>>> print(open('structure_2.cif').read())   # mmCIF, C-alpha atoms
data_query
loop_
_atom_site.group_PDB
_atom_site.id
_atom_site.type_symbol
_atom_site.label_atom_id
_atom_site.label_comp_id
_atom_site.auth_asym_id
_atom_site.auth_seq_id
_atom_site.Cartn_x
_atom_site.Cartn_y
_atom_site.Cartn_z
ATOM 1 C CA MET A 1 11.651 -18.933 -3.421
ATOM 2 C CA ASN A 2 9.601 -17.134 -6.021
ATOM 3 C CA ALA A 3 5.985 -18.173 -5.993
ATOM 4 C CA SER A 4 2.777 -16.388 -6.745
ATOM 5 C CA PRO A 5 -0.612 -17.718 -5.656
ATOM 6 C CA HIS A 6 -3.461 -17.750 -8.168
ATOM 7 C CA LEU A 7 -6.805 -18.083 -6.469
ATOM 8 C CA PRO A 8 -9.781 -19.261 -8.554
ATOM 9 C CA PRO A 9 -13.329 -18.214 -7.651
ATOM 10 C CA ALA A 10 -14.153 -19.363 -4.140
ATOM 11 C CA THR A 11 -17.235 -20.463 -2.277
ATOM 12 C CA PRO A 12 -18.250 -19.417 1.242
ATOM 13 C CA PRO A 13 -16.811 -21.652 3.935
ATOM 14 C CA SER A 14 -18.655 -23.803 6.423
ATOM 15 C CA THR A 15 -18.122 -23.056 10.072
ATOM 16 C CA GLY A 16 -16.245 -25.316 12.419
ATOM 17 C CA GLY A 17 -12.741 -26.703 12.835
ATOM 18 C CA PHE A 18 -10.456 -28.160 10.202
ATOM 19 C CA GLU A 19 -9.246 -31.727 10.556
ATOM 20 C CA ARG A 20 -7.214 -33.852 8.207
ATOM 21 C CA GLY A 21 -9.447 -35.501 5.626
ATOM 22 C CA ALA A 22 -12.620 -33.899 6.976
ATOM 23 C CA ASP A 23 -14.997 -32.018 4.684
ATOM 24 C CA VAL A 24 -14.913 -28.948 6.898
ATOM 25 C CA LEU A 25 -13.537 -25.496 6.152
ATOM 26 C CA PRO A 26 -11.923 -23.010 8.531
ATOM 27 C CA GLN A 27 -13.857 -19.823 9.166
ATOM 28 C CA ALA A 28 -11.767 -17.056 7.619
ATOM 29 C CA GLU A 29 -11.723 -13.570 9.005
ATOM 30 C CA GLU A 30 -11.801 -11.163 6.058
ATOM 31 C CA PRO A 31 -12.828 -7.516 6.121
ATOM 32 C CA PRO A 32 -15.827 -6.604 3.979
ATOM 33 C CA GLY A 33 -15.297 -4.612 0.808
ATOM 34 C CA ASP A 34 -17.835 -2.163 -0.595
ATOM 35 C CA GLY A 35 -20.357 -3.315 1.968
ATOM 36 C CA GLU A 36 -20.033 -7.001 1.099
ATOM 37 C CA ARG A 37 -18.164 -9.818 2.778
ATOM 38 C CA ILE A 38 -15.555 -11.483 0.576
ATOM 39 C CA PRO A 39 -16.008 -15.275 0.602
ATOM 40 C CA ALA A 40 -13.003 -17.232 1.809
ATOM 41 C CA PRO A 41 -11.255 -19.658 -0.556
ATOM 42 C CA ARG A 42 -12.063 -23.327 -0.174
ATOM 43 C CA ALA A 43 -9.560 -25.036 2.107
ATOM 44 C CA ILE A 44 -6.926 -27.487 1.031
ATOM 45 C CA GLN A 45 -7.219 -30.694 3.029
ATOM 46 C CA ALA A 46 -4.704 -32.884 1.214
ATOM 47 C CA VAL A 47 -1.532 -32.298 -0.763
ATOM 48 C CA PHE A 48 -0.130 -34.905 -3.167
ATOM 49 C CA PHE A 49 3.337 -34.735 -4.707
ATOM 50 C CA ASP A 50 4.666 -36.138 -7.947
ATOM 51 C CA ILE A 51 7.977 -37.986 -7.549
ATOM 52 C CA GLY A 52 10.440 -37.387 -10.395
ATOM 53 C CA GLU A 53 11.794 -33.811 -10.469
ATOM 54 C CA THR A 54 9.321 -32.826 -7.742
ATOM 55 C CA LEU A 55 10.782 -34.754 -4.815
ATOM 56 C CA ILE A 56 13.569 -36.644 -6.592
ATOM 57 C CA ASN A 57 16.339 -35.045 -8.654
ATOM 58 C CA GLU A 58 16.634 -37.329 -11.686
ATOM 59 C CA GLY A 59 19.858 -35.815 -13.022
ATOM 60 C CA GLU A 60 22.081 -38.629 -11.775
ATOM 61 C CA ILE A 61 19.527 -41.243 -12.864
ATOM 62 C CA TYR A 62 19.703 -39.973 -16.449
ATOM 63 C CA GLY A 63 23.466 -39.683 -16.148
ATOM 64 C CA ARG A 64 23.787 -43.353 -15.246
ATOM 65 C CA TRP A 65 21.573 -44.288 -18.195
ATOM 66 C CA ALA A 66 23.853 -42.252 -20.476
ATOM 67 C CA ASP A 67 26.860 -44.138 -19.090
ATOM 68 C CA TRP A 68 25.100 -47.465 -19.628
ATOM 69 C CA LEU A 69 24.285 -46.623 -23.252
ATOM 70 C CA GLY A 70 27.778 -45.277 -23.916
ATOM 71 C CA VAL A 71 26.620 -41.720 -24.601
ATOM 72 C CA PRO A 72 28.325 -38.621 -23.125
ATOM 73 C CA ARG A 73 26.107 -37.253 -20.364
ATOM 74 C CA HIS A 74 26.008 -33.746 -21.809
ATOM 75 C CA THR A 75 24.899 -35.093 -25.191
ATOM 76 C CA PHE A 76 22.289 -37.334 -23.587
ATOM 77 C CA LEU A 77 20.689 -34.525 -21.572
ATOM 78 C CA THR A 78 20.869 -32.046 -24.441
ATOM 79 C CA LYS A 79 18.976 -34.466 -26.668
ATOM 80 C CA LEU A 80 16.409 -34.990 -23.899
ATOM 81 C CA GLY A 81 15.716 -31.257 -23.831
ATOM 82 C CA ALA A 82 15.379 -31.127 -27.605
ATOM 83 C CA LEU A 83 12.890 -34.004 -27.588
ATOM 84 C CA LEU A 84 10.811 -32.477 -24.805
ATOM 85 C CA ALA A 85 10.652 -29.171 -26.676
ATOM 86 C CA THR A 86 9.108 -30.953 -29.678
ATOM 87 C CA GLY A 87 6.618 -33.062 -27.706
ATOM 88 C CA GLY A 88 8.736 -36.170 -27.151
ATOM 89 C CA ASP A 89 9.583 -37.874 -23.875
ATOM 90 C CA HIS A 90 12.300 -39.910 -22.169
ATOM 91 C CA MET A 91 11.344 -43.109 -23.997
ATOM 92 C CA ASP A 92 11.998 -41.338 -27.291
ATOM 93 C CA LEU A 93 15.413 -40.467 -25.883
ATOM 94 C CA PHE A 94 16.262 -44.113 -25.247
ATOM 95 C CA GLU A 95 14.955 -45.106 -28.674
ATOM 96 C CA TYR A 96 17.063 -42.432 -30.364
ATOM 97 C CA PHE A 97 20.329 -43.717 -28.922
ATOM 98 C CA ARG A 98 19.352 -47.415 -28.911
ATOM 99 C CA PRO A 99 16.817 -48.257 -31.667
ATOM 100 C CA GLY A 100 14.484 -51.000 -30.473
ATOM 101 C CA PHE A 101 15.222 -50.106 -26.839
ATOM 102 C CA ASP A 102 13.415 -52.380 -24.355
ATOM 103 C CA LEU A 103 13.297 -50.712 -20.933
ATOM 104 C CA GLY A 104 12.455 -53.881 -19.001
ATOM 105 C CA GLU A 105 15.242 -55.849 -20.660
ATOM 106 C CA GLU A 106 17.814 -53.099 -20.127
ATOM 107 C CA GLN A 107 16.852 -52.787 -16.471
ATOM 108 C CA ARG A 108 17.273 -56.551 -16.090
ATOM 109 C CA ARG A 109 20.712 -56.382 -17.696
ATOM 110 C CA ARG A 110 21.718 -53.542 -15.391
ATOM 111 C CA ASP A 111 20.600 -55.520 -12.356
ATOM 112 C CA GLU A 112 22.635 -58.529 -13.470
ATOM 113 C CA ALA A 113 25.667 -56.300 -14.025
ATOM 114 C CA GLY A 114 25.286 -54.721 -10.596
ATOM 115 C CA VAL A 115 24.806 -51.252 -12.080
ATOM 116 C CA PRO A 116 22.645 -49.083 -9.765
ATOM 117 C CA ASN A 117 19.198 -48.129 -11.014
ATOM 118 C CA GLY A 118 16.495 -45.956 -9.498
ATOM 119 C CA PHE A 119 17.089 -43.396 -6.745
ATOM 120 C CA GLY A 120 18.301 -43.082 -3.180
ATOM 121 C CA PRO A 121 18.729 -40.523 -0.366
ATOM 122 C CA ASP A 122 21.319 -38.518 -2.312
ATOM 123 C CA ASP A 123 18.776 -37.895 -5.081
ATOM 124 C CA LEU A 124 16.176 -36.317 -2.779
ATOM 125 C CA TYR A 125 15.790 -32.575 -3.374
ATOM 126 C CA PRO A 126 16.966 -30.636 -0.271
ATOM 127 C CA ASP A 127 13.603 -28.894 0.193
ATOM 128 C CA ALA A 128 11.444 -32.022 -0.055
ATOM 129 C CA ARG A 129 11.631 -33.532 3.435
ATOM 130 C CA ALA A 130 10.968 -30.297 5.341
ATOM 131 C CA CYS A 131 8.089 -29.365 3.029
ATOM 132 C CA LEU A 132 6.219 -32.626 3.591
ATOM 133 C CA SER A 133 6.723 -32.491 7.355
ATOM 134 C CA ALA A 134 5.550 -28.874 7.581
ATOM 135 C CA LEU A 135 2.356 -29.674 5.684
ATOM 136 C CA ARG A 136 1.583 -32.626 7.959
ATOM 137 C CA ASP A 137 2.193 -30.366 10.951
ATOM 138 C CA GLN A 138 -0.728 -28.280 9.644
ATOM 139 C CA GLY A 139 -2.975 -31.334 9.989
ATOM 140 C CA LEU A 140 -3.094 -31.995 6.254
ATOM 141 C CA PHE A 141 -3.153 -35.366 4.559
ATOM 142 C CA VAL A 142 0.128 -35.651 2.641
ATOM 143 C CA GLY A 143 0.546 -38.106 -0.196
ATOM 144 C CA ILE A 144 3.213 -39.020 -2.720
ATOM 145 C CA ALA A 145 2.023 -40.435 -6.034
ATOM 146 C CA GLY A 146 3.787 -40.659 -9.372
ATOM 147 C CA ASN A 147 4.512 -42.683 -12.486
ATOM 148 C CA GLN A 148 7.223 -45.058 -11.316
ATOM 149 C CA PRO A 149 8.176 -48.740 -11.636
ATOM 150 C CA VAL A 150 7.324 -51.237 -8.916
ATOM 151 C CA GLN A 151 10.856 -51.016 -7.473
ATOM 152 C CA ALA A 152 10.277 -47.364 -6.598
ATOM 153 C CA ALA A 153 7.908 -48.363 -3.782
ATOM 154 C CA GLU A 154 10.784 -49.848 -1.785
ATOM 155 C CA GLN A 155 13.097 -46.980 -2.701
ATOM 156 C CA MET A 156 10.543 -44.433 -1.459
ATOM 157 C CA ALA A 157 10.025 -46.387 1.760
ATOM 158 C CA GLU A 158 13.775 -46.303 2.458
ATOM 159 C CA LEU A 159 13.730 -42.486 2.294
ATOM 160 C CA GLY A 160 11.438 -42.344 5.344
ATOM 161 C CA LEU A 161 9.521 -39.286 4.164
ATOM 162 C CA ASP A 162 6.736 -37.848 6.329
ATOM 163 C CA ALA A 163 3.743 -38.874 4.219
ATOM 164 C CA ASP A 164 0.454 -40.632 4.858
ATOM 165 C CA VAL A 165 0.591 -42.682 1.676
ATOM 166 C CA VAL A 166 2.911 -43.436 -1.240
ATOM 167 C CA GLY A 167 1.346 -44.376 -4.569
ATOM 168 C CA ILE A 168 3.357 -45.984 -7.374
ATOM 169 C CA SER A 169 1.708 -46.219 -10.799
ATOM 170 C CA ASP A 170 2.988 -49.709 -11.633
ATOM 171 C CA VAL A 171 1.758 -50.933 -8.237
ATOM 172 C CA TRP A 172 -1.637 -49.264 -8.665
ATOM 173 C CA GLY A 173 -1.988 -50.447 -12.246
ATOM 174 C CA VAL A 174 -2.970 -46.945 -13.362
ATOM 175 C CA SER A 175 -0.763 -44.032 -14.366
ATOM 176 C CA LYS A 176 -0.903 -40.319 -15.164
ATOM 177 C CA PRO A 177 -2.462 -38.583 -16.992
ATOM 178 C CA SER A 178 -5.376 -41.002 -16.482
ATOM 179 C CA GLN A 179 -8.219 -39.538 -14.438
ATOM 180 C CA GLU A 180 -8.329 -42.808 -12.463
ATOM 181 C CA PHE A 181 -4.902 -41.956 -11.067
ATOM 182 C CA PHE A 182 -6.134 -38.690 -9.568
ATOM 183 C CA GLU A 183 -9.350 -40.311 -8.414
ATOM 184 C CA ARG A 184 -7.259 -42.812 -6.452
ATOM 185 C CA CYS A 185 -5.435 -39.939 -4.740
ATOM 186 C CA ALA A 186 -8.684 -38.246 -3.688
ATOM 187 C CA GLN A 187 -10.092 -41.535 -2.413
ATOM 188 C CA LEU A 188 -7.007 -42.229 -0.317
ATOM 189 C CA ALA A 189 -7.224 -38.759 1.207
ATOM 190 C CA ASP A 190 -10.977 -39.170 1.746
ATOM 191 C CA ALA A 191 -11.421 -35.659 0.388
ATOM 192 C CA LEU A 192 -13.382 -33.980 -2.375
ATOM 193 C CA PRO A 193 -11.240 -33.303 -5.460
ATOM 194 C CA ASP A 194 -11.358 -29.520 -5.021
ATOM 195 C CA ARG A 195 -9.889 -29.901 -1.530
ATOM 196 C CA VAL A 196 -6.830 -31.736 -2.912
ATOM 197 C CA LEU A 197 -3.717 -29.953 -4.210
ATOM 198 C CA TYR A 198 -1.510 -31.873 -6.639
ATOM 199 C CA VAL A 199 2.083 -30.653 -6.983
ATOM 200 C CA GLY A 200 4.129 -31.567 -10.043
ATOM 201 C CA ASP A 201 6.697 -30.415 -12.587
ATOM 202 C CA ARG A 202 4.828 -31.399 -15.769
ATOM 203 C CA ILE A 203 1.958 -29.550 -17.405
ATOM 204 C CA ASP A 204 0.880 -32.553 -19.477
ATOM 205 C CA ASN A 205 1.036 -35.234 -16.771
ATOM 206 C CA ASP A 206 0.407 -33.217 -13.601
ATOM 207 C CA VAL A 207 -1.254 -29.836 -14.046
ATOM 208 C CA ARG A 208 -3.775 -30.379 -16.830
ATOM 209 C CA PRO A 209 -5.146 -33.772 -15.705
ATOM 210 C CA ALA A 210 -5.350 -32.666 -12.053
ATOM 211 C CA LEU A 211 -7.333 -29.566 -13.039
ATOM 212 C CA GLU A 212 -9.573 -31.584 -15.353
ATOM 213 C CA PHE A 213 -10.400 -33.927 -12.478
ATOM 214 C CA GLY A 214 -11.366 -30.932 -10.338
ATOM 215 C CA MET A 215 -8.286 -30.786 -8.137
ATOM 216 C CA ARG A 216 -6.173 -27.746 -7.377
ATOM 217 C CA ALA A 217 -2.731 -27.732 -8.978
ATOM 218 C CA ALA A 218 0.679 -26.318 -8.113
ATOM 219 C CA TYR A 219 3.228 -26.161 -10.920
ATOM 220 C CA LEU A 220 6.852 -26.625 -9.911
ATOM 221 C CA ARG A 221 9.292 -25.065 -12.359
ATOM 222 C CA ARG A 222 12.308 -27.330 -12.019
ATOM 223 C CA GLY A 223 13.770 -30.215 -13.950
ATOM 224 C CA PRO A 224 13.683 -30.529 -17.766
ATOM 225 C CA TRP A 225 9.883 -30.605 -18.119
ATOM 226 C CA GLY A 226 9.428 -27.767 -15.655
ATOM 227 C CA HIS A 227 11.578 -25.413 -17.685
ATOM 228 C CA ILE A 228 10.608 -26.514 -21.191
ATOM 229 C CA GLN A 229 6.856 -27.085 -21.182
ATOM 230 C CA LYS A 230 4.769 -23.945 -21.680
ATOM 231 C CA ASP A 231 1.030 -23.388 -21.322
ATOM 232 C CA GLU A 232 0.067 -19.952 -20.061
ATOM 233 C CA GLU A 233 -3.628 -20.826 -19.813
ATOM 234 C CA ALA A 234 -2.936 -23.878 -17.645
ATOM 235 C CA LEU A 235 -0.590 -21.902 -15.404
ATOM 236 C CA ARG A 236 -3.223 -19.214 -14.863
ATOM 237 C CA GLU A 237 -5.502 -21.928 -13.476
ATOM 238 C CA CYS A 238 -2.873 -23.152 -11.013
ATOM 239 C CA LEU A 239 -3.340 -22.259 -7.398
ATOM 240 C CA PHE A 240 0.425 -21.787 -7.048
ATOM 241 C CA VAL A 241 3.384 -21.582 -9.431
ATOM 242 C CA LEU A 242 6.610 -22.464 -7.617
ATOM 243 C CA ASP A 243 10.354 -22.406 -8.196
ATOM 244 C CA ASP A 244 10.962 -24.739 -5.236
ATOM 245 C CA LEU A 245 9.059 -26.383 -2.375
ATOM 246 C CA ALA A 246 10.449 -24.304 0.490
ATOM 247 C CA GLY A 247 7.608 -21.794 0.651
ATOM 248 C CA LEU A 248 4.718 -24.119 -0.183
ATOM 249 C CA PRO A 249 3.680 -24.827 3.439
ATOM 250 C CA SER A 250 3.279 -21.105 4.196
ATOM 251 C CA LEU A 251 1.344 -20.545 0.947
ATOM 252 C CA VAL A 252 -1.048 -23.354 1.829
ATOM 253 C CA ALA A 253 -1.452 -22.054 5.386
ATOM 254 C CA GLU A 254 -2.254 -18.553 4.116
ATOM 255 C CA HIS A 255 -4.736 -19.922 1.591
ATOM 256 C CA ASN A 256 -6.500 -21.996 4.230
ATOM 257 C CA ALA A 257 -6.619 -19.009 6.566
ATOM 258 C CA GLY A 258 -8.447 -17.031 3.878
ATOM 259 C CA ARG A 259 -5.661 -14.528 3.324
ATOM 260 C CA ARG A 260 -5.236 -13.543 -0.298
ATOM 261 C CA PRO A 261 -2.979 -11.131 -2.165
ATOM 262 C CA LEU A 262 -4.038 -7.636 -3.131
ATOM 263 C CA GLY A 263 -4.486 -7.379 -6.884
ATOM 264 C CA ASP A 264 -3.322 -9.740 -9.577
ATOM 265 C CA VAL A 265 0.218 -10.885 -8.893
ATOM 266 C CA PRO A 266 2.041 -12.197 -11.978
ATOM 267 C CA TYR A 267 3.519 -15.683 -11.713
ATOM 268 C CA SER A 268 6.525 -15.182 -13.954
#
>>> encode(input="structure_2.cif", output="C-alpha cells")
Amino acid sequence: MNASPHLPPATPPSTGGFERGADVLPQAEEPPGDGERIPAPRAIQAVFFDIGETLINEGEIYGRWADWLGVPRHTFLTKLGALLATGGDHMDLFEYFRPGFDLGEEQRRRDEAGVPNGFGPDDLYPDARACLSALRDQGLFVGIAGNQPVQAAEQMAELGLDADVVGISDVWGVSKPSQEFFERCAQLADALPDRVLYVGDRIDNDVRPALEFGMRAAYLRRGPWGHIQKDEEALRECLFVLDDLAGLPSLVAEHNAGRRPLGDVPYS
C-alpha cells in the first residue's frame, strides 16, 4: 500500500482521554524543536466511507449494464473512461448508448426480467471489511455514506460490515456534493467537521466538498474516477492519499498519536 500523509496546520490538543464521538483530543508526546513544542495534529474521531469504488468494486455492475444494453463490456468501459476524462459521468454513458435512457424504467425492466442489479458480497473490495473493523477497534465512529439508490440500503445491510451507520443518498433525500450530505455525516457522528475524515475515490464528489465543509479528506486512487480525475491542489489538502484501504487504520492511529513524518513526503 502506497500512501503518504499530508498534515495541514494543527492546533494544540486538549488533555484527557479519547472516546468515540467525544470532542476530546489525545495528549501527544512530541519532542520540542528549536526550543518550542510542536503542537499535535487534531484527532480524527470519525471516519466515513464512500460506497462505489471505495468499498464496492463496480466493475461487474457496469459489466451487467453493458450486457443489458447489448454493448461489449470493453467498449462500454472504454467509453466511460473517455467521458470521465472530459467531465462527463456514468449517466452520460447510458445516454450515449441508449438515447433517452431512463434509469428508473430500465431498472424496473431488469427487475421484471430477473436480471441482477446492484451489488453483493462478491463485489466488496478485499480490504474493506478489515479496514472498517480496525478503525472501530480504535474507538472511532465508523460510517458508510454514498450516492446510492434506495435498494442499496438493504444490499449494504446484507454485507454485515462493521459500521455504526450506513447512509444512502436516496434514503436521506440529499446527495453529494451537497454540503447538507456532509453535514448529516458530522451530525450522525456527533463530531465537529474537522474531526471527521471522509474517504472517497472522487475529487469532485468526495474530496472537494468534504474539504469545503471543513472535514478532513482521504483520496483513494482506485476505480475509473480515482485514476482519471486530477487536481493537484485538492490532493495537497488531503490528509491522506491512498492506493488501497489496507494501511488506513495505521495512518489514522499514527495521526491521532501525534506522530508525523519528517519533511514533506510526496504523495505520487
>>> residues_near_point(input="structure_2.cif", point="(-0.1, -30.7, -3.9)", cutoff="8 Å", atoms="all atoms listed in the file", output="VMD selection string")
chain A and resid 46 to 49 196 to 200 216 to 218
>>> residues_near_point(input="structure_2.cif", point="(5.6, -42.8, -1.3)", cutoff="12 Å", atoms="all atoms listed in the file", output="ChimeraX atom specification")
/A:48-52,55-56,132,142-148,150-169,171,185
>>> atom_distance(input="structure_2.cif", atom1="atom CA of Arg208 of chain A", atom2="atom CA of Leu239 of chain A")
12.5 Å
>>> atom_distance(input="structure_2.cif", atom1="atom CA of Gln229 of chain A", atom2="atom CA of Phe76 of chain A")
18.7 Å
>>> atom_distance(input="structure_2.cif", atom1="atom CA of Arg184 of chain A", atom2="atom CA of Leu211 of chain A")
14.8 Å
>>> residues_around(input="structure_2.cif", residues="Asp194 of chain A", least_positions_apart="3", cutoff="9 Å", atoms="all atoms listed in the file", output="ChimeraX atom specification")
/A:42-44,191,197,211,213-216
>>> residues_around(input="structure_2.cif", residues="Ser178 of chain A", least_positions_apart="5", cutoff="10 Å", atoms="all atoms listed in the file", output="number ranges by chain")
A: 183, 205, 209-210, 213
>>> resolve_selection(input="structure_2.cif", expression="the PyMOL selection byres ((chain A and resi 106-118) around 10)", output="compact mmCIF listing (two decimals) with C-alpha atoms, keeping the file's coordinate frame")
# COMPACT_ATOMS: atom_id res chain seq x y z
CA GLU A 58 16.63 -37.33 -11.69
CA GLU A 60 22.08 -38.63 -11.78
CA ILE A 61 19.53 -41.24 -12.86
CA TYR A 62 19.70 -39.97 -16.45
CA ARG A 64 23.79 -43.35 -15.25
CA TRP A 65 21.57 -44.29 -18.20
CA TRP A 68 25.10 -47.46 -19.63
CA LEU A 69 24.28 -46.62 -23.25
CA PHE A 101 15.22 -50.11 -26.84
CA ASP A 102 13.42 -52.38 -24.36
CA LEU A 103 13.30 -50.71 -20.93
CA GLY A 104 12.46 -53.88 -19.00
CA GLU A 105 15.24 -55.85 -20.66
CA PHE A 119 17.09 -43.40 -6.74
CA GLY A 120 18.30 -43.08 -3.18
CA ASP A 123 18.78 -37.90 -5.08
CA GLN A 148 7.22 -45.06 -11.32
CA PRO A 149 8.18 -48.74 -11.64
CA GLN A 151 10.86 -51.02 -7.47
CA ALA A 152 10.28 -47.36 -6.60
CA GLN A 155 13.10 -46.98 -2.70
>>> closest_residue(input="structure_2.cif", among="A:Glu95, A:Asp201, A:Asp170, A:Asp127", to="Ile228 of chain A", atoms="all atoms listed in the file")
A:Asp201
>>> closest_residue(input="structure_2.cif", among="A:Val252, A:Ile203, A:Val241, A:Leu235", to="Gly87 of chain A", atoms="all atoms listed in the file")
A:Ile203
>>> resolve_selection(input="structure_2.cif", expression="the PyMOL selection byres ((chain A and resi 225) around 10)", output="PyMOL selection string")
chain A and resi 53+80-81+84-85+89+200-204+220-224+226-230
>>> closest_residue(input="structure_2.cif", among="A:Gly59, A:Gly88, A:Gly258, A:Pro249", to="Ala134 of chain A", atoms="only C-alpha atoms")
A:Pro249
>>> closest_residue(input="structure_2.cif", among="A:Gly247, A:Gln45, A:Pro126, A:Asp92", to="Asp190 of chain A", atoms="all atoms listed in the file")
A:Gln45
>>> closest_residue(input="structure_2.cif", among="A:Ala130, A:Leu77, A:Met91, A:Leu135", to="Asn256 of chain A", atoms="all atoms listed in the file")
A:Leu135
>>> closest_residue(input="structure_2.cif", among="A:Asn57, A:His74, A:Gln179, A:Ala128", to="Asp244 of chain A", atoms="only C-alpha atoms")
A:Ala128
